[in-house]
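Report on the structure given below.
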Amino acid sequence: MKSITINGSQREGVGKKATKALRNAGQVPCVLYGGDQNVHFSAPELAFSKLVYTPNAHTVVIAIENGENYDAVLQDIQFHPVTDRILHVDFYRLFQDKEIAVDIPVHIIGTSKGVLNGGILRRNRRKLRVKALPKNLPDFLEADITPLKIGGKMYVTALEGEDYTILHADNTVVVQIKTARTAVVDDSDEEELEEGEAAAEGGDSPEAEAQE
């Protein structure tokens with residue numbers, strides 16, 4: 001997984017007054033969790049643009065001006081409700097021998113037969129929770145929708161890998177091809193629809209239903 005370096009300064013004060021002063025100076029208060037003790041630091045707001053305003057997943061190297069570097073992942077971020085300015089960022093420290101769970105984006109490739117016949121592509125999951133050692137975290141999960149016909153669904157099992165574990169039920173739907181009034185349904189598509197209806201009668205997971 002690609003990494004972004006954020007240069008930060010150790011925070012001397014962690015109270016409201018000190019935090020407000022940092023924000024007024026264009027700095028974002030941050031906390032790094034997961035080590036022997038939490039690390040409080042600040043960094044310029046612009047330093048987070050490549051980390052926050054992107055659909056991609058990244059690990060982070062936090063470089064403190066005292067010379068200490070920490071490998072981490074973004075855990076939580078708070079925005080101002082009106083201005084959308086970044087108010088606070090939490091990171092979680094990475095250890096190369098410990099697995100960590102991260103939300104990984106799903107990239108769609110290919111063009112399905114169902115879409116060519118007028119079906120509608122529906123993305124049920126744009127990101128999936130993945131657990132792996134830091135070195136094995138993928139930049140993204142690739143979903144090839146080429147084989148999907150109208151009524152077809154792709155489940156998380158199609159995206160499994162040897163170096164990571166997907167933390168979702170096997171029947172979680174990642175993407176599906178819905179029918180439409182203008183769709184042209186051929187014999188093979190009808191088979192897919194019948195199988196999809198049979199599966200629906202059996203019931204998808206609550207998680208998948210919520211996405212649909």
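Residues in the structure tokens are named by chain (A, B, ... in the order shown) and by number from 1 within that chain; ligands are numbered from 1 in the order shown.
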### Query
Counting only C-alpha atoms, what is within 8 Å of region 64-67 of chain A, bar same-chain residues fewer than 6 positions away, as number ranges by chain?
A: 7-10, 41
### Task
Please report, as a PyMOL selection string, each residue of chain A to which DSSP assigns strand (DSSP E or B) when run on this structure's backbone.
chain A and resi 3-10+27-33+39-44+59-64+69-79+86-93+100-109+120-123+127-132+141-144+153-155+165-166+173-178
### Message
Going by DSSP on the backbone, which residues of region 6-211 of chain A come out as alpha helix (DSSP H)? List them as a PyMOL selection string.
### Response
chain A and resi 16-24+49-52+113-116+187-202+206-211
Determine, using only C-alpha atoms, which residues of region 3-58 of chain A have any atom at most 8 Å from an atom of region 122-140 of chain A, and tabulate each with its shortest atom pair and distance in Å to one decimal place, rows ordered by chain and then rising number, as a Markdown table.
| residue | atom | partner | partner_atom | distance |
| --- | --- | --- | --- | --- |
| A:Asn56 | CA | A:Asp139 | CA | 7.2 |
| A:Ala57 | CA | A:Asp139 | CA | 6.1 |
| A:His58 | CA | A:Asp139 | CA | 7.3 |
Please save N, CA and C atoms of the selected residues as a PDB file, in the first residue's frame.
ATOM      1  N   ASN A  56      -8.709   6.740  -2.407  1.00  0.00           N
ATOM      2  CA  ASN A  56      -7.711   5.685  -2.222  1.00  0.00           C
ATOM      3  C   ASN A  56      -7.345   5.506  -0.752  1.00  0.00           C
ATOM      4  N   ALA A  57      -6.814   4.344  -0.439  1.00  0.00           N
ATOM      5  CA  ALA A  57      -6.366   4.049   0.921  1.00  0.00           C
ATOM      6  C   ALA A  57      -4.851   4.197   0.994  1.00  0.00           C
ATOM      7  N   HIS A  58      -4.364   4.774   2.079  1.00  0.00           N
ATOM      8  CA  HIS A  58      -2.932   4.972   2.253  1.00  0.00           C
ATOM      9  C   HIS A  58      -2.530   4.671   3.688  1.00  0.00           C
TER      10      HIS A  58
END
### Query
Pick from A:Glu45, A:Asp36, A:Asp76, A:Asp144: nearest to Leu22 (chain A), with only C-alpha atoms counted?
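Checking each of A:Glu45, A:Asp36, A:Asp76, A:Asp144 against Leu22 (chain A), counting only C-alpha atoms, the winner is A:Glu45.
Residues lying within 8 Å of Val156 (chain A), counting only C-alpha atoms and ignoring same-chain neighbours fewer than 3 positions away, are Leu159, Glu160, Ile166, His168, Ala169, Asp170, Asn171, Thr172, Val173 and Val174 of chain A.
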Pull N, CA and C atoms from the residues just selected and write them as a CSV table (one decimal), in the first residue's frame.
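Wrote it out as selection35.csv, contents follow:
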chain,number,residue,atom,x,y,z
A,159,LEU,N,-13.5,-11.7,-4.3
A,159,LEU,CA,-12.4,-10.7,-4.1
A,159,LEU,C,-11.4,-11.2,-3.1
A,160,GLU,N,-11.5,-12.4,-2.6
A,160,GLU,CA,-10.6,-12.9,-1.6
A,160,GLU,C,-9.2,-13.1,-2.1
A,166,ILE,N,-11.0,-10.7,4.2
A,166,ILE,CA,-12.1,-9.7,4.1
A,166,ILE,C,-13.1,-9.9,5.3
A,168,HIS,N,-16.2,-9.5,6.1
A,168,HIS,CA,-17.6,-9.4,5.8
A,168,HIS,C,-18.1,-10.8,5.6
A,169,ALA,N,-19.4,-11.0,5.8
A,169,ALA,CA,-20.0,-12.3,5.5
A,169,ALA,C,-19.9,-12.7,4.1
A,170,ASP,N,-19.8,-14.0,3.8
A,170,ASP,CA,-19.5,-14.5,2.4
A,170,ASP,C,-20.7,-14.1,1.5
A,171,ASN,N,-21.9,-13.9,2.0
A,171,ASN,CA,-23.0,-13.5,1.1
A,171,ASN,C,-23.2,-12.0,1.0
A,172,THR,N,-22.2,-11.2,1.4
A,172,THR,CA,-22.3,-9.8,1.2
A,172,THR,C,-22.1,-9.4,-0.3
A,173,VAL,N,-23.1,-8.7,-0.8
A,173,VAL,CA,-23.0,-8.3,-2.3
A,173,VAL,C,-22.1,-7.1,-2.5
A,174,VAL,N,-21.2,-7.2,-3.4
A,174,VAL,CA,-20.3,-6.0,-3.7
A,174,VAL,C,-20.9,-5.2,-4.8
